[in-house]
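Shown next: structure.txt, containing compact mmCIF, C-alpha atoms.
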```txt
# COMPACT_ATOMS: atom_id res chain seq x y z
CA MET A 23 105.78 83.55 97.19
CA LYS A 24 102.34 83.54 98.79
CA VAL A 25 99.56 85.90 97.76
CA LEU A 26 100.00 89.12 99.76
CA ARG A 27 97.59 91.84 100.83
CA PHE A 28 98.57 95.41 101.70
CA GLY A 29 96.74 98.47 102.99
CA PRO A 30 97.84 102.07 103.55
CA ALA A 31 97.38 101.50 107.29
CA ASP A 32 100.26 98.97 107.20
CA ALA A 33 102.64 101.31 105.34
CA VAL A 34 105.81 102.59 107.02
CA PHE A 35 106.62 105.73 105.05
CA GLU A 36 110.16 106.99 104.59
CA ARG A 37 111.31 110.13 102.83
CA SER A 38 112.11 109.34 99.22
CA PRO A 39 115.89 109.33 98.75
CA GLY A 40 117.74 112.18 97.09
CA GLN A 41 115.25 114.92 97.95
CA ASP A 42 113.95 116.81 100.95
CA ALA A 43 110.36 117.50 99.94
CA ASP A 44 107.45 116.07 101.91
CA ILE A 45 107.27 113.04 99.67
CA PHE A 46 107.38 109.63 101.25
CA ALA A 47 107.48 106.06 99.98
CA ALA A 48 106.66 102.77 101.65
CA ASN A 49 107.67 99.61 99.86
CA MET A 50 105.24 96.82 100.76
CA ALA A 51 107.00 94.16 98.63
CA ASP A 52 110.36 94.47 96.89
CA GLN A 53 113.55 92.47 96.28
CA LYS A 54 113.33 91.10 99.84
CA GLN A 55 110.33 88.94 98.86
CA GLY A 56 112.15 87.61 95.79
CA GLY A 57 109.67 88.75 93.13
CA PRO A 58 110.52 90.88 90.07
CA ILE A 59 108.49 93.98 91.00
CA THR A 60 108.24 96.49 93.82
CA VAL A 61 104.81 97.38 95.21
CA GLY A 62 104.20 100.24 97.62
CA TYR A 63 102.42 103.38 98.69
CA GLY A 64 103.49 107.00 98.15
CA ARG A 65 102.40 109.96 100.26
CA TYR A 66 102.71 113.59 99.14
CA GLY A 67 102.27 116.66 101.30
CA PRO A 68 100.54 119.74 99.83
CA ASP A 69 102.19 121.48 96.87
CA GLN A 70 105.36 119.40 96.79
CA VAL A 71 107.71 119.17 93.81
CA LEU A 72 110.05 116.33 92.87
CA GLU A 73 112.30 116.53 89.80
CA THR A 74 113.73 113.13 88.95
CA ASP A 75 114.96 110.83 86.22
CA ILE A 76 112.85 107.70 85.85
CA VAL A 77 115.25 104.74 85.93
CA VAL A 78 112.67 101.94 86.13
CA ASP A 79 109.17 101.54 84.72
CA ASP A 80 107.00 103.19 87.38
CA VAL A 81 103.18 103.02 87.55
CA MET A 82 101.41 105.36 89.96
CA VAL A 83 97.73 104.77 90.82
CA VAL A 84 96.26 107.84 92.52
CA LEU A 85 94.13 106.88 95.54
CA GLU A 86 93.55 110.31 97.14
CA GLY A 87 94.31 113.87 96.03
CA ARG A 88 95.93 114.73 92.73
CA VAL A 89 99.36 114.42 91.16
CA SER A 90 100.69 116.17 88.05
CA VAL A 91 103.63 114.90 86.04
CA GLU A 92 105.49 117.14 83.61
CA ALA A 93 107.65 115.45 81.00
CA ALA A 94 108.96 116.74 77.68
CA GLY A 95 106.99 119.96 78.12
CA GLU A 96 103.65 118.21 78.62
CA THR A 97 101.82 118.00 81.95
CA LEU A 98 99.46 115.13 82.82
CA THR A 99 97.25 115.31 85.92
CA ALA A 100 95.64 112.33 87.64
CA GLY A 101 93.08 112.13 90.45
CA PRO A 102 91.53 109.25 92.37
CA GLY A 103 91.33 106.06 90.29
CA GLU A 104 93.56 107.45 87.56
CA ILE A 105 96.98 106.12 86.60
CA ILE A 106 100.21 107.69 85.43
CA TYR A 107 102.73 105.34 83.80
CA MET A 108 106.25 106.78 83.81
CA SER A 109 108.40 104.53 81.69
CA LYS A 110 112.14 104.21 82.08
CA GLY A 111 114.18 107.01 80.50
CA ASN A 112 111.82 109.92 81.15
CA ALA A 113 112.92 113.06 83.00
CA VAL A 114 109.91 114.20 85.03
CA ILE A 115 108.74 116.83 87.47
CA ILE A 116 106.12 115.39 89.81
CA ARG A 117 103.89 117.87 91.64
CA SER A 118 101.22 117.40 94.26
CA HIS A 119 98.38 119.89 94.65
CA ALA A 120 96.94 121.71 97.68
CA GLU A 121 95.27 118.58 99.05
CA GLY A 122 98.40 116.38 98.88
CA ALA A 123 98.10 112.84 97.56
CA LEU A 124 98.18 109.15 98.37
CA THR A 125 99.30 106.80 95.60
CA ALA A 126 99.96 103.11 95.08
CA TYR A 127 102.96 102.27 92.93
CA VAL A 128 104.39 99.31 91.08
CA THR A 129 107.86 99.37 89.57
CA TYR A 130 109.77 96.95 87.34
CA PRO A 131 112.49 96.27 88.17
CA HIS A 132 113.02 97.26 91.82
CA TRP A 133 113.46 101.05 92.09
CA SER A 134 115.52 100.90 95.27
CA GLU A 135 118.18 98.83 93.51
CA ALA A 136 118.30 101.20 90.53
CA GLU A 137 118.94 104.51 92.35
CA MET B 17 107.91 105.76 75.52
CA LYS B 18 106.24 108.96 76.69
CA VAL B 19 104.64 109.33 80.11
CA LEU B 20 101.05 108.08 79.84
CA ARG B 21 97.90 108.86 81.78
CA PHE B 22 94.87 106.58 82.02
CA GLY B 23 91.43 106.82 83.60
CA PRO B 24 88.60 104.31 83.99
CA ALA B 25 86.53 106.46 81.62
CA ASP B 26 88.99 105.62 78.80
CA ALA B 27 88.88 101.87 79.42
CA VAL B 28 87.43 99.51 76.81
CA PHE B 29 86.52 96.45 78.83
CA GLU B 30 86.54 92.96 77.37
CA ARG B 31 85.53 89.71 79.04
CA SER B 32 88.59 88.10 80.56
CA PRO B 33 89.61 85.10 78.45
CA GLY B 34 88.91 81.53 79.48
CA GLN B 35 85.88 82.28 81.64
CA ASP B 36 82.27 83.41 81.27
CA ALA B 37 81.76 85.31 84.52
CA ASP B 38 81.00 89.04 84.53
CA ILE B 39 84.67 89.87 84.87
CA PHE B 40 86.21 92.26 82.39
CA ALA B 41 89.69 93.58 81.71
CA ALA B 42 90.92 96.62 79.81
CA ASN B 43 94.62 96.84 79.05
CA MET B 44 95.65 100.49 78.89
CA ALA B 45 99.33 99.75 78.08
CA ASP B 46 100.82 96.39 77.17
CA GLN B 47 103.29 94.83 74.71
CA LYS B 48 101.98 97.16 71.99
CA GLN B 49 103.67 100.15 73.66
CA GLY B 50 106.96 98.27 73.95
CA GLY B 51 107.37 98.41 77.73
CA PRO B 52 107.91 95.41 80.04
CA ILE B 53 104.64 95.66 82.00
CA THR B 54 100.92 95.64 81.35
CA VAL B 55 98.73 98.28 83.02
CA GLY B 56 94.95 98.16 83.01
CA TYR B 57 91.59 98.24 84.72
CA GLY B 58 89.44 95.31 85.86
CA ARG B 59 85.69 95.39 86.39
CA TYR B 60 83.78 92.75 88.36
CA GLY B 61 80.01 92.32 88.49
CA PRO B 62 78.39 91.39 91.82
CA ASP B 63 79.29 88.03 93.37
CA GLN B 64 81.47 86.75 90.55
CA VAL B 65 83.97 83.91 90.86
CA LEU B 66 87.12 83.30 88.82
CA GLU B 67 89.35 80.29 89.45
CA THR B 68 92.68 80.70 87.70
CA ASP B 69 96.39 79.93 87.74
CA ILE B 70 98.56 83.01 88.08
CA VAL B 71 101.16 82.85 85.28
CA VAL B 72 102.64 86.34 85.67
CA ASP B 73 103.19 88.57 88.69
CA ASP B 74 99.87 90.38 89.05
CA VAL B 75 99.18 93.36 91.32
CA MET B 76 95.56 94.41 91.84
CA VAL B 77 94.76 97.80 93.41
CA VAL B 78 91.12 97.94 94.50
CA LEU B 79 89.50 101.25 93.51
CA GLU B 80 85.83 100.50 94.24
CA GLY B 81 84.02 97.60 95.91
CA ARG B 82 85.81 94.60 97.36
CA VAL B 83 87.66 91.57 96.05
CA SER B 84 88.64 88.40 97.91
CA VAL B 85 91.41 86.07 96.80
CA GLU B 86 91.64 82.52 98.08
CA ALA B 87 94.99 80.75 97.72
CA ALA B 88 96.42 77.76 99.56
CA GLY B 89 93.39 77.68 101.85
CA GLU B 90 93.74 81.30 102.96
CA THR B 91 91.41 84.13 101.90
CA LEU B 92 92.55 87.76 101.68
CA THR B 93 90.02 90.56 101.17
CA ALA B 94 90.81 94.05 99.88
CA GLY B 95 88.67 97.17 99.63
CA PRO B 96 89.32 100.66 98.21
CA GLY B 97 92.98 101.64 98.39
CA GLU B 98 94.11 98.15 99.30
CA ILE B 99 96.34 95.95 97.18
CA ILE B 100 96.52 92.22 96.48
CA TYR B 101 99.79 90.96 94.98
CA MET B 102 99.36 87.58 93.28
CA SER B 103 102.78 86.33 92.37
CA LYS B 104 103.46 83.87 89.58
CA GLY B 105 102.76 80.23 90.42
CA ASN B 106 99.75 80.69 92.70
CA ALA B 107 96.44 78.95 92.04
CA VAL B 108 93.74 81.38 93.13
CA ILE B 109 89.99 81.82 93.37
CA ILE B 110 89.06 85.48 92.96
CA ARG B 111 85.64 86.55 94.22
CA SER B 112 83.83 89.86 94.04
CA HIS B 113 81.21 90.80 96.64
CA ALA B 114 77.64 92.13 96.34
CA GLU B 115 78.78 95.60 95.25
CA GLY B 116 81.08 94.36 92.46
CA ALA B 117 84.50 95.94 92.07
CA LEU B 118 86.73 98.18 89.99
CA THR B 119 90.46 97.49 90.11
CA ALA B 120 93.66 98.76 88.55
CA TYR B 121 96.22 96.11 87.66
CA VAL B 122 99.87 95.88 86.74
CA THR B 123 101.45 92.65 85.52
CA TYR B 124 105.01 91.64 84.76
CA PRO B 125 105.50 90.31 82.19
CA HIS B 126 102.52 90.88 79.88
CA TRP B 127 99.61 88.64 80.94
CA SER B 128 98.04 88.47 77.49
CA GLU B 129 101.21 86.89 76.07
CA ALA B 130 101.39 84.33 78.90
CA GLU B 131 97.88 82.83 78.65
```
Could I get this structure in the form of structure tokens?
Amino acid sequence: MKVLRFGPADAVFERSPGQDADIFAANMADQKQGGPITVGYGRYGPDQVLETDIVVDDVMVVLEGRVSVEAAGETLTAGPGEIIYMSKGNAVIIRSHAEGALTAYVTYPHWSEAE
Amino acid sequence: MKVLRFGPADAVFERSPGQDADIFAANMADQKQGGPITVGYGRYGPDQVLETDIVVDDVMVVLEGRVSVEAAGETLTAGPGEIIYMSKGNAVIIRSHAEGALTAYVTYPHWSEAE
């Protein structure tokens, strides 16, 4: 596989499966390219909530706004340049704040095959 | 493994191995936590050059500044919020620009075991 470059402007966002919040994901590279990881962008509207079981290792790099993740009774909040690493097996509640959020994500293995 | 949160302020940067440029890496999670991926921050001084063989899948999210990656005669440049995905098997030349750069990275598998 060649070296690839992605930007938010190239992202085609789709509503994340299994929920109807204003939370969207855009895979930029996934199983279709043949590599072991999925790379993409996430976009969160204001004050959205997503309760989900983490079935793959999922790293979220916050680019704009803020995201909070509650797991096992503890809440971690990340803003621009900060990272939340949700490892496989966690049950989480992900919340955006009033300003919404833009994130970059990397998962191993491919999240869309693990749903 | 619990959900983890990292910020650049928590990073302890070390010079990337095998080179003497002003290019530093700080693993925030790696084989020590028991997960399959390494997560960290990279810091580049102004106008640095690193020629290297990519031995693991390596995703770089640019947080500040700009980074260019030359591979197979093509150069890709990424600024804040943009991503460069260097898959295993590429020979690359990574260059920072006058303003230096701060990046977040995710590798699969762990880069420090593959050197």
Could you name the residues that touch range 40-52 of chain B at 8 Å or less, counting only C-alpha atoms, but leaving out those on the same chain fewer than 3 positions away, as a VMD selection string? (chain A and resid 79 109 130) or (chain B and resid 17 22 27 to 32 55 to 60 124 to 126)
Provide as a PyMOL selection string the residues of chain B at most 9 Å from chain A, counting only C-alpha atoms. chain B and resi 17-24+45+51-53+55-56+73+75+77+79-80+85-88+92-106+108+119-120+122+124
What separation in Å, quoted to one decimal, exists between CA of Ala43 in chain A and CA of Asp75 in chain A? 15.9 Å
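CA of Gly122 in chain A to CA of Asp69 in chain A spans 6.7 Å [interatomic distance, one decimal].
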Got a sec to align chain B on chain A by every in-order Cα pair and hand back the fitted coordinates as a PDB file with C-alpha atoms, keeping the file's coordinate frame?
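The file below, out.pdb, is the result:
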```pdb
ATOM      1  CA  MET B  17     105.760  83.531  97.186  1.00  0.00           C
ATOM      2  CA  LYS B  18     102.324  83.536  98.796  1.00  0.00           C
ATOM      3  CA  VAL B  19      99.552  85.909  97.756  1.00  0.00           C
ATOM      4  CA  LEU B  20      99.997  89.133  99.739  1.00  0.00           C
ATOM      5  CA  ARG B  21      97.590  91.839 100.825  1.00  0.00           C
ATOM      6  CA  PHE B  22      98.574  95.404 101.700  1.00  0.00           C
ATOM      7  CA  GLY B  23      96.747  98.469 102.988  1.00  0.00           C
ATOM      8  CA  PRO B  24      97.841 102.068 103.544  1.00  0.00           C
ATOM      9  CA  ALA B  25      97.392 101.498 107.285  1.00  0.00           C
ATOM     10  CA  ASP B  26     100.283  98.980 107.191  1.00  0.00           C
ATOM     11  CA  ALA B  27     102.648 101.315 105.344  1.00  0.00           C
ATOM     12  CA  VAL B  28     105.816 102.597 107.019  1.00  0.00           C
ATOM     13  CA  PHE B  29     106.621 105.723 105.057  1.00  0.00           C
ATOM     14  CA  GLU B  30     110.156 106.982 104.581  1.00  0.00           C
ATOM     15  CA  ARG B  31     111.309 110.143 102.834  1.00  0.00           C
ATOM     16  CA  SER B  32     112.086 109.345  99.225  1.00  0.00           C
ATOM     17  CA  PRO B  33     115.860 109.337  98.725  1.00  0.00           C
ATOM     18  CA  GLY B  34     117.719 112.180  97.065  1.00  0.00           C
ATOM     19  CA  GLN B  35     115.215 114.902  97.918  1.00  0.00           C
ATOM     20  CA  ASP B  36     113.953 116.830 100.941  1.00  0.00           C
ATOM     21  CA  ALA B  37     110.355 117.508  99.927  1.00  0.00           C
ATOM     22  CA  ASP B  38     107.440 116.084 101.918  1.00  0.00           C
ATOM     23  CA  ILE B  39     107.277 113.053  99.668  1.00  0.00           C
ATOM     24  CA  PHE B  40     107.382 109.631 101.252  1.00  0.00           C
ATOM     25  CA  ALA B  41     107.477 106.067  99.985  1.00  0.00           C
ATOM     26  CA  ALA B  42     106.669 102.762 101.654  1.00  0.00           C
ATOM     27  CA  ASN B  43     107.674  99.590  99.853  1.00  0.00           C
ATOM     28  CA  MET B  44     105.255  96.811 100.768  1.00  0.00           C
ATOM     29  CA  ALA B  45     107.001  94.147  98.624  1.00  0.00           C
ATOM     30  CA  ASP B  46     110.355  94.467  96.896  1.00  0.00           C
ATOM     31  CA  GLN B  47     113.551  92.471  96.271  1.00  0.00           C
ATOM     32  CA  LYS B  48     113.333  91.100  99.823  1.00  0.00           C
ATOM     33  CA  GLN B  49     110.347  88.923  98.858  1.00  0.00           C
ATOM     34  CA  GLY B  50     112.159  87.602  95.790  1.00  0.00           C
ATOM     35  CA  GLY B  51     109.695  88.751  93.129  1.00  0.00           C
ATOM     36  CA  PRO B  52     110.533  90.887  90.069  1.00  0.00           C
ATOM     37  CA  ILE B  53     108.486  93.974  91.004  1.00  0.00           C
ATOM     38  CA  THR B  54     108.238  96.484  93.815  1.00  0.00           C
ATOM     39  CA  VAL B  55     104.800  97.375  95.209  1.00  0.00           C
ATOM     40  CA  GLY B  56     104.203 100.241  97.603  1.00  0.00           C
ATOM     41  CA  TYR B  57     102.426 103.385  98.690  1.00  0.00           C
ATOM     42  CA  GLY B  58     103.474 107.007  98.151  1.00  0.00           C
ATOM     43  CA  ARG B  59     102.386 109.963 100.255  1.00  0.00           C
ATOM     44  CA  TYR B  60     102.727 113.588  99.140  1.00  0.00           C
ATOM     45  CA  GLY B  61     102.271 116.669 101.311  1.00  0.00           C
ATOM     46  CA  PRO B  62     100.520 119.715  99.817  1.00  0.00           C
ATOM     47  CA  ASP B  63     102.182 121.468  96.873  1.00  0.00           C
ATOM     48  CA  GLN B  64     105.348 119.393  96.782  1.00  0.00           C
ATOM     49  CA  VAL B  65     107.716 119.179  93.822  1.00  0.00           C
ATOM     50  CA  LEU B  66     110.060 116.341  92.870  1.00  0.00           C
ATOM     51  CA  GLU B  67     112.298 116.547  89.807  1.00  0.00           C
ATOM     52  CA  THR B  68     113.731 113.148  88.963  1.00  0.00           C
ATOM     53  CA  ASP B  69     114.957 110.821  86.236  1.00  0.00           C
ATOM     54  CA  ILE B  70     112.849 107.702  85.862  1.00  0.00           C
ATOM     55  CA  VAL B  71     115.248 104.725  85.940  1.00  0.00           C
ATOM     56  CA  VAL B  72     112.676 101.920  86.143  1.00  0.00           C
ATOM     57  CA  ASP B  73     109.175 101.542  84.730  1.00  0.00           C
ATOM     58  CA  ASP B  74     106.991 103.186  87.367  1.00  0.00           C
ATOM     59  CA  VAL B  75     103.189 103.025  87.542  1.00  0.00           C
ATOM     60  CA  MET B  76     101.411 105.362  89.961  1.00  0.00           C
ATOM     61  CA  VAL B  77      97.736 104.781  90.828  1.00  0.00           C
ATOM     62  CA  VAL B  78      96.263 107.849  92.522  1.00  0.00           C
ATOM     63  CA  LEU B  79      94.146 106.884  95.546  1.00  0.00           C
ATOM     64  CA  GLU B  80      93.560 110.304  97.134  1.00  0.00           C
ATOM     65  CA  GLY B  81      94.306 113.872  96.044  1.00  0.00           C
ATOM     66  CA  ARG B  82      95.927 114.732  92.737  1.00  0.00           C
ATOM     67  CA  VAL B  83      99.360 114.447  91.171  1.00  0.00           C
ATOM     68  CA  SER B  84     100.696 116.164  88.050  1.00  0.00           C
ATOM     69  CA  VAL B  85     103.649 114.903  86.044  1.00  0.00           C
ATOM     70  CA  GLU B  86     105.502 117.146  83.630  1.00  0.00           C
ATOM     71  CA  ALA B  87     107.663 115.458  80.990  1.00  0.00           C
ATOM     72  CA  ALA B  88     108.960 116.738  77.666  1.00  0.00           C
ATOM     73  CA  GLY B  89     106.988 119.956  78.099  1.00  0.00           C
ATOM     74  CA  GLU B  90     103.649 118.212  78.616  1.00  0.00           C
ATOM     75  CA  THR B  91     101.804 118.002  81.949  1.00  0.00           C
ATOM     76  CA  LEU B  92      99.459 115.128  82.825  1.00  0.00           C
ATOM     77  CA  THR B  93      97.245 115.305  85.918  1.00  0.00           C
ATOM     78  CA  ALA B  94      95.629 112.332  87.657  1.00  0.00           C
ATOM     79  CA  GLY B  95      93.081 112.154  90.459  1.00  0.00           C
ATOM     80  CA  PRO B  96      91.523 109.233  92.373  1.00  0.00           C
ATOM     81  CA  GLY B  97      91.350 106.065  90.294  1.00  0.00           C
ATOM     82  CA  GLU B  98      93.563 107.458  87.564  1.00  0.00           C
ATOM     83  CA  ILE B  99      96.971 106.120  86.614  1.00  0.00           C
ATOM     84  CA  ILE B 100     100.224 107.695  85.445  1.00  0.00           C
ATOM     85  CA  TYR B 101     102.726 105.334  83.803  1.00  0.00           C
ATOM     86  CA  MET B 102     106.252 106.771  83.817  1.00  0.00           C
ATOM     87  CA  SER B 103     108.393 104.531  81.699  1.00  0.00           C
ATOM     88  CA  LYS B 104     112.142 104.212  82.078  1.00  0.00           C
ATOM     89  CA  GLY B 105     114.175 107.015  80.513  1.00  0.00           C
ATOM     90  CA  ASN B 106     111.813 109.926  81.158  1.00  0.00           C
ATOM     91  CA  ALA B 107     112.924 113.046  83.016  1.00  0.00           C
ATOM     92  CA  VAL B 108     109.922 114.194  85.030  1.00  0.00           C
ATOM     93  CA  ILE B 109     108.754 116.840  87.468  1.00  0.00           C
ATOM     94  CA  ILE B 110     106.130 115.410  89.813  1.00  0.00           C
ATOM     95  CA  ARG B 111     103.897 117.888  91.631  1.00  0.00           C
ATOM     96  CA  SER B 112     101.223 117.391  94.252  1.00  0.00           C
ATOM     97  CA  HIS B 113      98.370 119.885  94.632  1.00  0.00           C
ATOM     98  CA  ALA B 114      96.921 121.704  97.665  1.00  0.00           C
ATOM     99  CA  GLU B 115      95.256 118.564  99.040  1.00  0.00           C
ATOM    100  CA  GLY B 116      98.395 116.390  98.869  1.00  0.00           C
ATOM    101  CA  ALA B 117      98.100 112.850  97.557  1.00  0.00           C
ATOM    102  CA  LEU B 118      98.185 109.157  98.376  1.00  0.00           C
ATOM    103  CA  THR B 119      99.304 106.804  95.615  1.00  0.00           C
ATOM    104  CA  ALA B 120      99.952 103.119  95.080  1.00  0.00           C
ATOM    105  CA  TYR B 121     102.963 102.274  92.937  1.00  0.00           C
ATOM    106  CA  VAL B 122     104.395  99.315  91.089  1.00  0.00           C
ATOM    107  CA  THR B 123     107.869  99.373  89.558  1.00  0.00           C
ATOM    108  CA  TYR B 124     109.761  96.962  87.349  1.00  0.00           C
ATOM    109  CA  PRO B 125     112.494  96.269  88.164  1.00  0.00           C
ATOM    110  CA  HIS B 126     113.013  97.243  91.815  1.00  0.00           C
ATOM    111  CA  TRP B 127     113.460 101.029  92.096  1.00  0.00           C
ATOM    112  CA  SER B 128     115.521 100.890  95.279  1.00  0.00           C
ATOM    113  CA  GLU B 129     118.190  98.806  93.519  1.00  0.00           C
ATOM    114  CA  ALA B 130     118.301 101.184  90.532  1.00  0.00           C
ATOM    115  CA  GLU B 131     118.932 104.490  92.349  1.00  0.00           C
TER     116      GLU B 131
END
```
Incomplete range 36-66 of chain A filled out to N, CA and C atoms as a PDB file, keeping the file's coordinate frame:
```
ATOM      1  N   GLU A  36     108.846 106.362 104.421  1.00  0.00           N
ATOM      2  CA  GLU A  36     110.160 106.990 104.590  1.00  0.00           C
ATOM      3  C   GLU A  36     110.333 108.038 103.494  1.00  0.00           C
ATOM      4  N   ARG A  37     111.082 109.084 103.824  1.00  0.00           N
ATOM      5  CA  ARG A  37     111.310 110.130 102.830  1.00  0.00           C
ATOM      6  C   ARG A  37     112.000 109.535 101.607  1.00  0.00           C
ATOM      7  N   SER A  38     111.482 109.843 100.442  1.00  0.00           N
ATOM      8  CA  SER A  38     112.110 109.340  99.220  1.00  0.00           C
ATOM      9  C   SER A  38     113.545 109.826  99.148  1.00  0.00           C
ATOM     10  N   PRO A  39     114.470 108.959  98.745  1.00  0.00           N
ATOM     11  CA  PRO A  39     115.890 109.330  98.750  1.00  0.00           C
ATOM     12  C   PRO A  39     116.204 110.431  97.738  1.00  0.00           C
ATOM     13  N   GLY A  40     117.248 111.199  98.044  1.00  0.00           N
ATOM     14  CA  GLY A  40     117.740 112.180  97.090  1.00  0.00           C
ATOM     15  C   GLY A  40     116.912 113.444  97.006  1.00  0.00           C
ATOM     16  N   GLN A  41     116.070 113.711  97.977  1.00  0.00           N
ATOM     17  CA  GLN A  41     115.250 114.920  97.950  1.00  0.00           C
ATOM     18  C   GLN A  41     114.770 115.207  99.368  1.00  0.00           C
ATOM     19  N   ASP A  42     114.389 116.459  99.602  1.00  0.00           N
ATOM     20  CA  ASP A  42     113.950 116.810 100.950  1.00  0.00           C
ATOM     21  C   ASP A  42     112.541 117.375 100.967  1.00  0.00           C
ATOM     22  N   ALA A  43     111.765 117.089  99.943  1.00  0.00           N
ATOM     23  CA  ALA A  43     110.360 117.500  99.940  1.00  0.00           C
ATOM     24  C   ALA A  43     109.561 116.571 100.860  1.00  0.00           C
ATOM     25  N   ASP A  44     108.317 116.935 101.113  1.00  0.00           N
ATOM     26  CA  ASP A  44     107.450 116.070 101.910  1.00  0.00           C
ATOM     27  C   ASP A  44     106.817 115.019 101.010  1.00  0.00           C
ATOM     28  N   ILE A  45     107.682 114.129 100.549  1.00  0.00           N
ATOM     29  CA  ILE A  45     107.270 113.040  99.670  1.00  0.00           C
ATOM     30  C   ILE A  45     107.868 111.767 100.249  1.00  0.00           C
ATOM     31  N   PHE A  46     106.980 110.817 100.516  1.00  0.00           N
ATOM     32  CA  PHE A  46     107.380 109.630 101.250  1.00  0.00           C
ATOM     33  C   PHE A  46     106.963 108.371 100.486  1.00  0.00           C
ATOM     34  N   ALA A  47     107.773 107.335 100.641  1.00  0.00           N
ATOM     35  CA  ALA A  47     107.480 106.060  99.980  1.00  0.00           C
ATOM     36  C   ALA A  47     107.511 104.943 101.000  1.00  0.00           C
ATOM     37  N   ALA A  48     106.679 103.951 100.789  1.00  0.00           N
ATOM     38  CA  ALA A  48     106.660 102.770 101.650  1.00  0.00           C
ATOM     39  C   ALA A  48     106.576 101.541 100.765  1.00  0.00           C
ATOM     40  N   ASN A  49     107.703 100.873 100.590  1.00  0.00           N
ATOM     41  CA  ASN A  49     107.670  99.610  99.860  1.00  0.00           C
ATOM     42  C   ASN A  49     106.922  98.566 100.693  1.00  0.00           C
ATOM     43  N   MET A  50     105.960  97.891 100.078  1.00  0.00           N
ATOM     44  CA  MET A  50     105.240  96.820 100.760  1.00  0.00           C
ATOM     45  C   MET A  50     105.796  95.452 100.336  1.00  0.00           C
ATOM     46  N   ALA A  51     106.283  95.353  99.104  1.00  0.00           N
ATOM     47  CA  ALA A  51     107.000  94.160  98.630  1.00  0.00           C
ATOM     48  C   ALA A  51     108.078  94.636  97.677  1.00  0.00           C
ATOM     49  N   ASP A  52     109.261  94.075  97.787  1.00  0.00           N
ATOM     50  CA  ASP A  52     110.360  94.470  96.890  1.00  0.00           C
ATOM     51  C   ASP A  52     111.319  93.291  96.744  1.00  0.00           C
ATOM     52  N   GLN A  53     112.590  93.547  96.506  1.00  0.00           N
ATOM     53  CA  GLN A  53     113.550  92.470  96.280  1.00  0.00           C
ATOM     54  C   GLN A  53     113.603  91.493  97.468  1.00  0.00           C
ATOM     55  N   LYS A  54     113.246  91.966  98.660  1.00  0.00           N
ATOM     56  CA  LYS A  54     113.330  91.100  99.840  1.00  0.00           C
ATOM     57  C   LYS A  54     112.394  89.894  99.733  1.00  0.00           C
ATOM     58  N   GLN A  55     111.270  90.057  99.023  1.00  0.00           N
ATOM     59  CA  GLN A  55     110.330  88.940  98.860  1.00  0.00           C
ATOM     60  C   GLN A  55     110.727  88.027  97.691  1.00  0.00           C
ATOM     61  N   GLY A  56     111.667  88.471  96.862  1.00  0.00           N
ATOM     62  CA  GLY A  56     112.150  87.610  95.790  1.00  0.00           C
ATOM     63  C   GLY A  56     111.420  87.730  94.463  1.00  0.00           C
ATOM     64  N   GLY A  57     110.387  88.565  94.392  1.00  0.00           N
ATOM     65  CA  GLY A  57     109.670  88.750  93.130  1.00  0.00           C
ATOM     66  C   GLY A  57     110.361  89.780  92.247  1.00  0.00           C
ATOM     67  N   PRO A  58     109.865  89.977  91.017  1.00  0.00           N
ATOM     68  CA  PRO A  58     110.520  90.880  90.070  1.00  0.00           C
ATOM     69  C   PRO A  58     110.089  92.347  90.201  1.00  0.00           C
ATOM     70  N   ILE A  59     109.046  92.617  90.953  1.00  0.00           N
ATOM     71  CA  ILE A  59     108.490  93.980  91.000  1.00  0.00           C
ATOM     72  C   ILE A  59     108.460  94.503  92.430  1.00  0.00           C
ATOM     73  N   THR A  60     108.454  95.824  92.539  1.00  0.00           N
ATOM     74  CA  THR A  60     108.240  96.490  93.820  1.00  0.00           C
ATOM     75  C   THR A  60     106.825  97.056  93.857  1.00  0.00           C
ATOM     76  N   VAL A  61     106.164  96.872  94.995  1.00  0.00           N
ATOM     77  CA  VAL A  61     104.810  97.380  95.210  1.00  0.00           C
ATOM     78  C   VAL A  61     104.827  98.244  96.463  1.00  0.00           C
ATOM     79  N   GLY A  62     104.203  99.412  96.422  1.00  0.00           N
ATOM     80  CA  GLY A  62     104.200 100.240  97.620  1.00  0.00           C
ATOM     81  C   GLY A  62     103.204 101.369  97.559  1.00  0.00           C
ATOM     82  N   TYR A  63     103.260 102.189  98.601  1.00  0.00           N
ATOM     83  CA  TYR A  63     102.420 103.380  98.690  1.00  0.00           C
ATOM     84  C   TYR A  63     103.301 104.626  98.724  1.00  0.00           C
ATOM     85  N   GLY A  64     102.824 105.708  98.091  1.00  0.00           N
ATOM     86  CA  GLY A  64     103.490 107.000  98.150  1.00  0.00           C
ATOM     87  C   GLY A  64     102.585 108.023  98.811  1.00  0.00           C
ATOM     88  N   ARG A  65     103.184 108.910  99.601  1.00  0.00           N
ATOM     89  CA  ARG A  65     102.400 109.960 100.260  1.00  0.00           C
ATOM     90  C   ARG A  65     103.038 111.300  99.985  1.00  0.00           C
ATOM     91  N   TYR A  66     102.244 112.257  99.520  1.00  0.00           N
ATOM     92  CA  TYR A  66     102.710 113.590  99.140  1.00  0.00           C
ATOM     93  C   TYR A  66     102.043 114.630 100.021  1.00  0.00           C
TER      94      TYR A  66
END
```
